[in-house]
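Undergrad: First the structure, which I've put down as C-alpha cells, then a few questions once you've had a look.
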Amino acid sequence: TKTKQPDNHPYLFKKIAHRGAAGYCPENTFAAFDQAIAMGADYLELDIQLTKDKQMVVIHDPTIDRTTNGKGRVKDYTFAELQKFDAGSWFSQEFKNERVPLFKDVLARYLHRVGLLIEFKKPSSNEGIEKKLAEELIKLPLDQFDLQHIIVQSFDLESLMRMHAHLPQIPIGLLINYPLHKQEIIRFSNQVQYLNPKWSMVTPKLLKAIHDEGMHSFIWTVNTPREFNKVKGYPIDGIVTNDLDLFQQEKG
Ligand code: G3P
Ligand code: CA
C-alpha cells in the first residue's frame, strides 16, 4: 500500500488504522481491518490479550462487555467460548457475524500486505504474552517488509523489553501519555525504536528530540480535521486514526 505523502513532508507520515477502520466498522474485527486496507492503510493498529486457554485474541478492553453481546473478562473465556459472542452488532446490525479474532488468523490474512502495529494491552494481566507473540512470529516466513512493518508497542516498557529479549529483530515502541524530558528521551533511545506520544502533547521540538536520538514516532489518536490540521505539518512518522479519510483532505 502506498502512503499519500503531503508535498515536502520530511518524514514517513504513515496512515495507521486505529483498531482497524474503527470509525467505520466495529473495532478489532476482520471487517474493520479489511475496511482499513480498502481505505489505504499502511498499518493496522490492534490490541492483543490472552484467553483462558492462553490463545492470543484481538480485543482492546479487559472485558468483552463493550464490544460484544457478552459479559465478563476476556481471560475467563476459552477462545471457543468467546466465539459464541457477536462482536459486531454493538456497532451496527450489519456486522452481527463478526467475532473476536484470533491473532494468528489476523497474521495469516494480512501478513505481507500491510504493516501491523501490535499493542500489548495490559501486559501485567496477560502474563507470558510476549513469549507467545514471539513464538507465533518466529515460525513465519518474515521477509524484509514484515521485519520493518511489524512493530510491537505498549505503555509498559518492561513488557517491551521482554519482547525484545525473545525476538530482537522486531521493532518496539513505547506509548507515552505524559510530558517527556530530554534525559528520558535519551534513555528510551537505548531501549526502543519508536516513541509514540499522545497527539495532544506533541510539539515539533519533542519530535525533533525523538528523531535526534535516532527513533521514529507514531502519534495517536487523531480523529478530527481540527486535530489533523494541527499536526499534519509536524515531522511525524505516522498518525494513528479512526478515520483514514482525514488523509484525503491533505491537499495543501
Ligand atoms: O496506538 C495507540 C493507541 O491505540 C493507544 O490507546 O487505548 O486506543 O489502545 P488505546
Ligand atoms: Ca491500541
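By order of appearance in the C-alpha cells: chains A, B, ..., then residues from 1 within every chain, and ligands from 1 in the order shown.
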Skip Lys104 in chain A itself and residues of its chain fewer than 2 positions away, then list as a list in words all residues within 12 Å of it, counting only C-alpha atoms.
TA: Ile48, Gln55, Met56, Val57, Val58, Val100, Pro101, Leu102, Val106, Leu107, Ala108, Arg109, Tyr110, Leu111, Lys132, Leu133, Ala134, Glu135, Glu136, Leu137, Lys139 and Leu140 of chain A
Undergrad: Keeping N, CA and C atoms, export the residues of the selection given above as a compact mmCIF listing (two decimals), in the first residue's frame.
TA:
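Result went into part-v3.txt, see below:
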# COMPACT_ATOMS: atom_id res chain seq x y z
N ILE A 48 -3.78 -6.90 21.61
CA ILE A 48 -3.89 -8.34 21.86
C ILE A 48 -3.89 -8.68 23.35
N GLN A 55 -4.77 -18.36 24.39
CA GLN A 55 -4.73 -18.03 22.97
C GLN A 55 -4.70 -16.50 22.85
N MET A 56 -3.95 -16.00 21.88
CA MET A 56 -3.91 -14.55 21.68
C MET A 56 -5.10 -14.11 20.84
N VAL A 57 -5.89 -13.20 21.41
CA VAL A 57 -7.04 -12.68 20.67
C VAL A 57 -6.91 -11.16 20.54
N VAL A 58 -7.64 -10.64 19.55
CA VAL A 58 -7.55 -9.21 19.24
C VAL A 58 -8.75 -8.50 19.85
N VAL A 100 -14.62 -12.07 17.84
CA VAL A 100 -13.30 -11.64 18.34
C VAL A 100 -12.26 -12.48 17.60
N PRO A 101 -11.36 -11.84 16.84
CA PRO A 101 -10.43 -12.62 16.03
C PRO A 101 -9.29 -13.24 16.85
N LEU A 102 -8.85 -14.38 16.36
CA LEU A 102 -7.63 -14.99 16.87
C LEU A 102 -6.47 -14.25 16.20
N VAL A 106 -5.42 -13.23 12.07
CA VAL A 106 -5.16 -11.88 11.56
C VAL A 106 -3.81 -11.86 10.84
N LEU A 107 -2.82 -12.48 11.46
CA LEU A 107 -1.50 -12.56 10.84
C LEU A 107 -1.59 -13.26 9.49
N ALA A 108 -2.28 -14.40 9.46
CA ALA A 108 -2.36 -15.18 8.22
C ALA A 108 -3.04 -14.37 7.12
N ARG A 109 -4.02 -13.58 7.49
CA ARG A 109 -4.76 -12.82 6.48
C ARG A 109 -4.03 -11.57 5.98
N TYR A 110 -3.25 -10.93 6.85
CA TYR A 110 -2.71 -9.62 6.48
C TYR A 110 -1.19 -9.55 6.33
N LEU A 111 -0.49 -10.57 6.77
CA LEU A 111 0.97 -10.55 6.66
C LEU A 111 1.39 -10.35 5.21
N LYS A 132 4.56 -15.69 23.82
CA LYS A 132 3.56 -16.22 22.87
C LYS A 132 3.67 -15.53 21.53
N LEU A 133 3.74 -14.19 21.57
CA LEU A 133 3.80 -13.44 20.31
C LEU A 133 5.10 -13.77 19.57
N ALA A 134 6.21 -13.81 20.31
CA ALA A 134 7.49 -14.12 19.68
C ALA A 134 7.44 -15.50 19.03
N GLU A 135 6.85 -16.47 19.73
CA GLU A 135 6.77 -17.83 19.17
C GLU A 135 5.91 -17.87 17.91
N GLU A 136 4.86 -17.07 17.90
CA GLU A 136 3.97 -17.03 16.73
C GLU A 136 4.69 -16.40 15.54
N LEU A 137 5.45 -15.33 15.81
CA LEU A 137 6.11 -14.61 14.71
C LEU A 137 7.31 -15.38 14.18
N LYS A 139 7.85 -18.42 13.74
CA LYS A 139 7.64 -19.55 12.83
C LYS A 139 7.18 -19.12 11.43
N LEU A 140 7.05 -17.81 11.23
CA LEU A 140 6.57 -17.32 9.94
C LEU A 140 7.72 -16.99 9.00
Undergrad: 10 Å from ligand 2 is the threshold here; counting only C-alpha atoms and all ligand atoms, which polymer residues fall inside it? Answer as a list in words.
TA: His18, Arg19, Asn28, Glu45, Leu46, Asp47, Ile48, Ile59, His60, Asp61, Leu117, Ile118, Glu119, Phe120, Lys121, Gln153, Ser154, Phe155, Leu175, Trp220, Thr221 and Val240 of chain A
Undergrad: Can you work out which one of A:Asp156, A:Asp245, A:Glu227, A:Asp143 has the shortest atom-to-atom distance to ligand 1, counting only C-alpha atoms and all ligand atoms?
TA: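 Going through A:Asp156, A:Asp245, A:Glu227, A:Asp143 one by one, the smallest distance to ligand 1 is for A:Asp156.
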Undergrad: In terms of the shortest atom-to-atom distance over only C-alpha atoms, which of A:Leu82, A:Ala87, A:Leu244, A:Val74 is closest to Glu27 in chain A?
TA: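 Selected residue with least distance to Glu27 in chain A: A:Ala87.
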Undergrad: With DSSP run on the backbone, what are the strand (DSSP E or B) residues within range 205-240 of chain A? I'd like them as a short mmCIF file (atom, residue, chain, number, x, y, z; two decimals) with N, CA and C atoms, in the first residue's frame.
TA:
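File written: out_28.cif
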data_model
loop_
_atom_site.label_atom_id
_atom_site.label_comp_id
_atom_site.auth_asym_id
_atom_site.auth_seq_id
_atom_site.Cartn_x
_atom_site.Cartn_y
_atom_site.Cartn_z
N HIS A 216 11.88 6.73 15.74
CA HIS A 216 10.73 7.18 14.95
C HIS A 216 9.59 7.49 15.91
N PHE A 218 5.21 7.53 15.98
CA PHE A 218 3.82 7.48 15.52
C PHE A 218 2.99 8.19 16.61
N ILE A 219 2.07 9.03 16.20
CA ILE A 219 1.26 9.71 17.22
C ILE A 219 -0.18 9.21 17.17
N TRP A 220 -0.85 9.29 18.31
CA TRP A 220 -2.20 8.72 18.44
C TRP A 220 -3.06 9.64 19.29
N GLY A 238 4.05 8.73 11.53
CA GLY A 238 2.76 8.11 11.28
C GLY A 238 1.70 8.67 12.21
N ILE A 239 0.45 8.60 11.74
CA ILE A 239 -0.69 9.05 12.54
C ILE A 239 -1.64 7.89 12.72
N VAL A 240 -1.97 7.60 13.97
CA VAL A 240 -2.96 6.57 14.29
C VAL A 240 -4.32 7.26 14.33
#
Undergrad: Pick out the residues sitting within 8 Å of Leu44 in chain A, and hand them over as an NGL selection string; count only C-alpha atoms, and ignore anything fewer than 3 positions along from it in its own chain.
TA: :A and (16-20 or 33 or 36 or 41 or 114-117)
Undergrad: For the residues in that selection, give me C-alpha atoms as a tab-separated table (two decimals), in the first residue's frame.
TA:
chain	number	residue	atom	x	y	z
A	16	ILE	CA	-2.29	3.83	10.70
A	17	ALA	CA	-5.78	2.44	11.21
A	18	HIS	CA	-6.65	2.50	14.91
A	19	ARG	CA	-8.15	-0.90	15.85
A	20	GLY	CA	-8.78	-1.18	12.08
A	33	PHE	CA	-9.17	-4.49	9.11
A	36	ALA	CA	-8.78	-0.11	6.66
A	41	ALA	CA	-3.92	1.98	5.47
A	114	VAL	CA	0.08	-4.23	5.29
A	115	GLY	CA	2.06	-3.23	8.37
A	116	LEU	CA	0.92	-4.39	11.80
A	117	LEU	CA	1.23	-2.20	14.88
Undergrad: In terms of the shortest atom-to-atom distance over only C-alpha atoms, which of A:Lys131, A:Lys15, A:Lys52, A:Lys208 is closest to Asp243 in chain A?
TA: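 For Asp243 in chain A, the nearest of the candidates is A:Lys15.
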Undergrad: Just asking: which residues within range 39-219 of chain A are helix (DSSP H, G or I) according to DSSP, as a VMD selection string?
TA: chain A and resid 74 to 76 79 to 82 93 to 95 103 to 110 123 to 125 129 to 138 144 to 149 157 to 166 182 to 189 199 to 201 204 to 212
